[in-house]
>>> print(open('final.csv').read())   # CSV, C-alpha atoms
chain,number,residue,atom,x,y,z
A,1,PRO,CA,-7.5,-12.0,-4.1
A,2,LYS,CA,-5.2,-9.5,-5.8
A,3,PRO,CA,-4.9,-6.0,-4.4
A,4,ILE,CA,-6.5,-3.5,-6.7
A,5,TYR,CA,-5.6,-0.3,-4.8
A,6,ARG,CA,-2.5,0.4,-2.8
A,7,ASP,CA,-1.6,3.9,-1.8
A,8,ALA,CA,-0.4,5.4,1.5
A,9,CYS,CA,-0.6,1.9,3.1
A,10,ILE,CA,-4.2,1.5,2.1
A,11,LYS,CA,-5.0,-1.9,0.6
A,12,TYR,CA,-8.3,-3.3,-0.4
A,13,PHE,CA,-9.2,-6.4,-2.3
A,14,ASN,CA,-12.3,-6.8,-4.3
A,15,VAL,CA,-13.8,-10.2,-5.2
A,16,VAL,CA,-16.0,-9.1,-8.1
A,17,ARG,CA,-18.2,-12.1,-8.6
A,18,LYS,CA,-19.2,-12.3,-4.9
A,19,ARG,CA,-19.3,-8.5,-4.5
A,20,GLU,CA,-17.0,-8.7,-1.4
A,21,ILE,CA,-14.5,-6.1,-0.4
A,22,TYR,CA,-11.8,-6.6,2.1
A,23,ILE,CA,-9.9,-3.6,3.5
A,24,THR,CA,-6.6,-4.0,5.4
A,25,GLY,CA,-5.0,-1.2,7.4
A,26,HIS,CA,-6.6,1.5,9.4
A,27,ILE,CA,-7.4,4.3,7.0
A,28,GLU,CA,-9.8,5.8,9.5
A,29,TYR,CA,-7.0,6.5,12.0
A,30,ALA,CA,-6.1,10.1,12.9
A,31,THR,CA,-2.4,11.0,12.4
A,32,HIS,CA,-1.2,10.1,15.9
A,33,THR,CA,-3.4,7.1,16.7
A,34,LEU,CA,-1.0,4.5,15.4
A,35,ASP,CA,1.9,6.3,17.1
A,36,THR,CA,0.1,6.1,20.4
A,37,GLU,CA,-0.6,2.4,20.0
A,38,TYR,CA,3.0,1.7,18.9
A,39,ARG,CA,4.5,3.5,21.9
A,40,ARG,CA,2.1,1.8,24.2
A,41,ASP,CA,3.1,-1.6,22.9
A,42,GLN,CA,6.8,-0.7,23.1
A,43,LEU,CA,6.4,0.3,26.8
A,44,ARG,CA,4.7,-3.0,27.5
A,45,GLY,CA,7.7,-4.8,26.1
A,46,ARG,CA,5.9,-6.3,23.2
A,47,THR,CA,8.5,-7.7,20.8
A,48,ASP,CA,6.0,-8.9,18.3
A,49,VAL,CA,5.0,-5.4,17.2
A,50,GLY,CA,7.3,-3.9,14.6
A,51,LEU,CA,7.8,-0.4,13.4
A,52,PRO,CA,4.7,0.7,11.3
A,53,PHE,CA,5.6,0.6,7.6
A,54,GLY,CA,6.1,4.0,6.0
A,55,TYR,CA,4.7,5.8,9.0
A,56,TYR,CA,7.6,7.8,10.4
A,57,PRO,CA,9.9,9.9,8.2
A,58,ALA,CA,13.0,7.8,7.4
A,59,ASP,CA,11.5,5.0,9.6
A,60,ASP,CA,12.7,7.0,12.7
A,61,PRO,CA,10.1,6.9,15.5
A,62,SER,CA,11.7,9.9,17.2
A,63,GLN,CA,10.2,12.0,14.4
A,64,PRO,CA,6.5,12.8,14.3
A,65,PRO,CA,4.4,10.7,11.9
A,66,VAL,CA,3.3,12.2,8.7
A,67,ASP,CA,-0.3,11.7,7.6
A,68,THR,CA,0.0,10.3,4.1
A,69,TRP,CA,-3.3,8.4,4.1
A,70,HIS,CA,-6.0,11.0,4.9
A,71,ALA,CA,-6.6,12.2,1.3
A,72,PRO,CA,-6.6,8.7,-0.2
A,73,ALA,CA,-8.9,7.5,2.6
A,74,VAL,CA,-11.4,10.3,2.0
A,75,THR,CA,-11.4,9.5,-1.7
A,76,PHE,CA,-11.9,5.8,-1.0
A,77,TYR,CA,-14.9,6.4,1.3
A,78,ARG,CA,-16.4,9.0,-1.0
A,79,ASN,CA,-16.1,6.6,-4.0
A,80,TRP,CA,-17.5,3.8,-2.0
A,81,LEU,CA,-20.6,5.8,-0.9
A,82,ASP,CA,-21.1,7.1,-4.4
A,83,ASN,CA,-21.1,3.5,-5.7
A,84,LEU,CA,-23.6,2.5,-3.1
A,85,LYS,CA,-25.8,5.5,-3.9
A,86,ASN,CA,-25.6,4.8,-7.7
A,87,ALA,CA,-26.3,1.1,-7.2
A,88,LYS,CA,-29.6,2.0,-5.5
A,89,SER,CA,-30.6,4.4,-8.4
>>> encode(input="final.csv", output="structure tokens")
Amino acid sequence: PKPIYRDACIKYFNVVRKREIYITGHIEYATHTLDTEYRRDQLRGRTDVGLPFGYYPADDPSQPPVDTWHAPAVTFYRNWLDNLKNAKS
């Protein structure tokens, strides 16, 4: 499937004929959730966990993360719920 929405690291794929939606990423995360997970994995010595894409300013994990996904996430969920409500009408 081809991504039909990508903003602030939110991606979802819609397979129209089968009415399936696939969401990647964690748009439900609070600002520091991924930071906590990343630092935990680094302390455990995990080498398979890379720096989260676009999460830290200038890709510098010594800087606090900036929440760039909250507003698009709210819009996504609001639109999804509106679509479900309208489909039942």
>>> residues_near_point(input="final.csv", point="(-1.6, 2.9, 16.7)", cutoff="12 Å", atoms="only C-alpha atoms", output="number ranges by chain")
A: 25-42, 49-53, 55, 65
>>> atom_distance(input="final.csv", atom1="CA of Ala73 in chain A", atom2="CA of Gly54 in chain A")
15.8 Å
>>> atom_distance(input="final.csv", atom1="CA of Tyr56 in chain A", atom2="CA of Thr75 in chain A")
22.6 Å
>>> atom_distance(input="final.csv", atom1="CA of Ile23 in chain A", atom2="CA of Lys88 in chain A")
22.4 Å
>>> build_atoms(input="final.csv", residues="range 26-37 of chain A", atoms="all heavy atoms", output="PDB file, keeping the file's coordinate frame")
ATOM      1  N   HIS A  26      -5.717   0.714   8.641  1.00  0.00           N
ATOM      2  CA  HIS A  26      -6.600   1.500   9.400  1.00  0.00           C
ATOM      3  C   HIS A  26      -6.713   2.925   8.781  1.00  0.00           C
ATOM      4  O   HIS A  26      -6.173   3.894   9.312  1.00  0.00           O
ATOM      5  CB  HIS A  26      -6.208   1.653  10.868  1.00  0.00           C
ATOM      6  CG  HIS A  26      -6.419   0.404  11.642  1.00  0.00           C
ATOM      7  ND1 HIS A  26      -7.661   0.024  12.089  1.00  0.00           N
ATOM      8  CD2 HIS A  26      -5.560  -0.560  12.027  1.00  0.00           C
ATOM      9  CE1 HIS A  26      -7.557  -1.124  12.731  1.00  0.00           C
ATOM     10  NE2 HIS A  26      -6.298  -1.500  12.703  1.00  0.00           N
ATOM     11  N   ILE A  27      -7.394   3.015   7.665  1.00  0.00           N
ATOM     12  CA  ILE A  27      -7.400   4.300   7.000  1.00  0.00           C
ATOM     13  C   ILE A  27      -8.291   5.322   7.715  1.00  0.00           C
ATOM     14  O   ILE A  27      -8.248   6.501   7.391  1.00  0.00           O
ATOM     15  CB  ILE A  27      -7.916   4.124   5.518  1.00  0.00           C
ATOM     16  CG1 ILE A  27      -9.325   3.544   5.437  1.00  0.00           C
ATOM     17  CG2 ILE A  27      -6.937   3.280   4.743  1.00  0.00           C
ATOM     18  CD1 ILE A  27      -9.863   3.427   4.017  1.00  0.00           C
ATOM     19  N   GLU A  28      -9.015   4.873   8.726  1.00  0.00           N
ATOM     20  CA  GLU A  28      -9.800   5.800   9.500  1.00  0.00           C
ATOM     21  C   GLU A  28      -9.043   6.471  10.629  1.00  0.00           C
ATOM     22  O   GLU A  28      -9.532   7.373  11.291  1.00  0.00           O
ATOM     23  CB  GLU A  28     -11.047   5.068  10.096  1.00  0.00           C
ATOM     24  CG  GLU A  28     -10.752   4.201  11.304  1.00  0.00           C
ATOM     25  CD  GLU A  28     -10.123   2.836  11.014  1.00  0.00           C
ATOM     26  OE1 GLU A  28      -9.820   2.523   9.859  1.00  0.00           O
ATOM     27  OE2 GLU A  28      -9.932   2.075  11.982  1.00  0.00           O
ATOM     28  N   TYR A  29      -7.804   6.021  10.859  1.00  0.00           N
ATOM     29  CA  TYR A  29      -7.000   6.500  12.000  1.00  0.00           C
ATOM     30  C   TYR A  29      -6.636   8.008  11.787  1.00  0.00           C
ATOM     31  O   TYR A  29      -6.306   8.448  10.691  1.00  0.00           O
ATOM     32  CB  TYR A  29      -5.710   5.748  12.102  1.00  0.00           C
ATOM     33  CG  TYR A  29      -5.776   4.518  12.969  1.00  0.00           C
ATOM     34  CD1 TYR A  29      -6.984   3.965  13.358  1.00  0.00           C
ATOM     35  CD2 TYR A  29      -4.615   3.894  13.393  1.00  0.00           C
ATOM     36  CE1 TYR A  29      -7.028   2.839  14.142  1.00  0.00           C
ATOM     37  CE2 TYR A  29      -4.653   2.767  14.188  1.00  0.00           C
ATOM     38  CZ  TYR A  29      -5.858   2.246  14.567  1.00  0.00           C
ATOM     39  OH  TYR A  29      -5.897   1.138  15.346  1.00  0.00           O
ATOM     40  N   ALA A  30      -6.638   8.742  12.893  1.00  0.00           N
ATOM     41  CA  ALA A  30      -6.100  10.100  12.900  1.00  0.00           C
ATOM     42  C   ALA A  30      -4.558   9.974  12.862  1.00  0.00           C
ATOM     43  O   ALA A  30      -3.991   8.885  13.071  1.00  0.00           O
ATOM     44  CB  ALA A  30      -6.526  10.818  14.184  1.00  0.00           C
ATOM     45  N   THR A  31      -3.887  11.069  12.624  1.00  0.00           N
ATOM     46  CA  THR A  31      -2.400  11.000  12.400  1.00  0.00           C
ATOM     47  C   THR A  31      -1.667  10.351  13.517  1.00  0.00           C
ATOM     48  O   THR A  31      -0.769   9.563  13.249  1.00  0.00           O
ATOM     49  CB  THR A  31      -1.906  12.487  12.217  1.00  0.00           C
ATOM     50  OG1 THR A  31      -2.607  13.081  11.138  1.00  0.00           O
ATOM     51  CG2 THR A  31      -0.422  12.494  11.920  1.00  0.00           C
ATOM     52  N   HIS A  32      -1.995  10.608  14.761  1.00  0.00           N
ATOM     53  CA  HIS A  32      -1.200  10.100  15.900  1.00  0.00           C
ATOM     54  C   HIS A  32      -1.728   8.828  16.530  1.00  0.00           C
ATOM     55  O   HIS A  32      -1.134   8.337  17.488  1.00  0.00           O
ATOM     56  CB  HIS A  32      -0.981  11.190  16.916  1.00  0.00           C
ATOM     57  CG  HIS A  32      -0.129  12.301  16.404  1.00  0.00           C
ATOM     58  ND1 HIS A  32       1.239  12.229  16.356  1.00  0.00           N
ATOM     59  CD2 HIS A  32      -0.452  13.502  15.863  1.00  0.00           C
ATOM     60  CE1 HIS A  32       1.723  13.336  15.830  1.00  0.00           C
ATOM     61  NE2 HIS A  32       0.705  14.128  15.520  1.00  0.00           N
ATOM     62  N   THR A  33      -2.819   8.287  16.044  1.00  0.00           N
ATOM     63  CA  THR A  33      -3.400   7.100  16.700  1.00  0.00           C
ATOM     64  C   THR A  33      -2.451   5.924  16.661  1.00  0.00           C
ATOM     65  O   THR A  33      -2.221   5.289  17.697  1.00  0.00           O
ATOM     66  CB  THR A  33      -4.730   6.719  15.982  1.00  0.00           C
ATOM     67  OG1 THR A  33      -5.610   7.838  16.025  1.00  0.00           O
ATOM     68  CG2 THR A  33      -5.377   5.530  16.664  1.00  0.00           C
ATOM     69  N   LEU A  34      -1.876   5.619  15.514  1.00  0.00           N
ATOM     70  CA  LEU A  34      -1.000   4.500  15.400  1.00  0.00           C
ATOM     71  C   LEU A  34       0.304   4.735  16.238  1.00  0.00           C
ATOM     72  O   LEU A  34       0.846   3.816  16.864  1.00  0.00           O
ATOM     73  CB  LEU A  34      -0.604   4.200  13.964  1.00  0.00           C
ATOM     74  CG  LEU A  34       0.262   2.974  13.706  1.00  0.00           C
ATOM     75  CD1 LEU A  34      -0.401   1.705  14.257  1.00  0.00           C
ATOM     76  CD2 LEU A  34       0.527   2.823  12.211  1.00  0.00           C
ATOM     77  N   ASP A  35       0.761   5.981  16.290  1.00  0.00           N
ATOM     78  CA  ASP A  35       1.900   6.300  17.100  1.00  0.00           C
ATOM     79  C   ASP A  35       1.643   6.021  18.568  1.00  0.00           C
ATOM     80  O   ASP A  35       2.476   5.417  19.253  1.00  0.00           O
ATOM     81  CB  ASP A  35       2.242   7.821  16.926  1.00  0.00           C
ATOM     82  CG  ASP A  35       3.445   8.256  17.734  1.00  0.00           C
ATOM     83  OD1 ASP A  35       4.554   7.736  17.493  1.00  0.00           O
ATOM     84  OD2 ASP A  35       3.271   9.134  18.609  1.00  0.00           O
ATOM     85  N   THR A  36       0.475   6.388  19.049  1.00  0.00           N
ATOM     86  CA  THR A  36       0.100   6.100  20.400  1.00  0.00           C
ATOM     87  C   THR A  36       0.069   4.612  20.704  1.00  0.00           C
ATOM     88  O   THR A  36       0.592   4.143  21.727  1.00  0.00           O
ATOM     89  CB  THR A  36      -1.288   6.731  20.743  1.00  0.00           C
ATOM     90  OG1 THR A  36      -1.227   8.137  20.509  1.00  0.00           O
ATOM     91  CG2 THR A  36      -1.721   6.457  22.171  1.00  0.00           C
ATOM     92  N   GLU A  37      -0.508   3.847  19.786  1.00  0.00           N
ATOM     93  CA  GLU A  37      -0.600   2.400  20.000  1.00  0.00           C
ATOM     94  C   GLU A  37       0.822   1.755  19.917  1.00  0.00           C
ATOM     95  O   GLU A  37       1.134   0.866  20.716  1.00  0.00           O
ATOM     96  CB  GLU A  37      -1.472   1.773  18.897  1.00  0.00           C
ATOM     97  CG  GLU A  37      -2.921   2.135  19.067  1.00  0.00           C
ATOM     98  CD  GLU A  37      -3.810   1.519  17.999  1.00  0.00           C
ATOM     99  OE1 GLU A  37      -3.302   0.828  17.083  1.00  0.00           O
ATOM    100  OE2 GLU A  37      -5.030   1.726  18.087  1.00  0.00           O
TER     101      GLU A  37
END
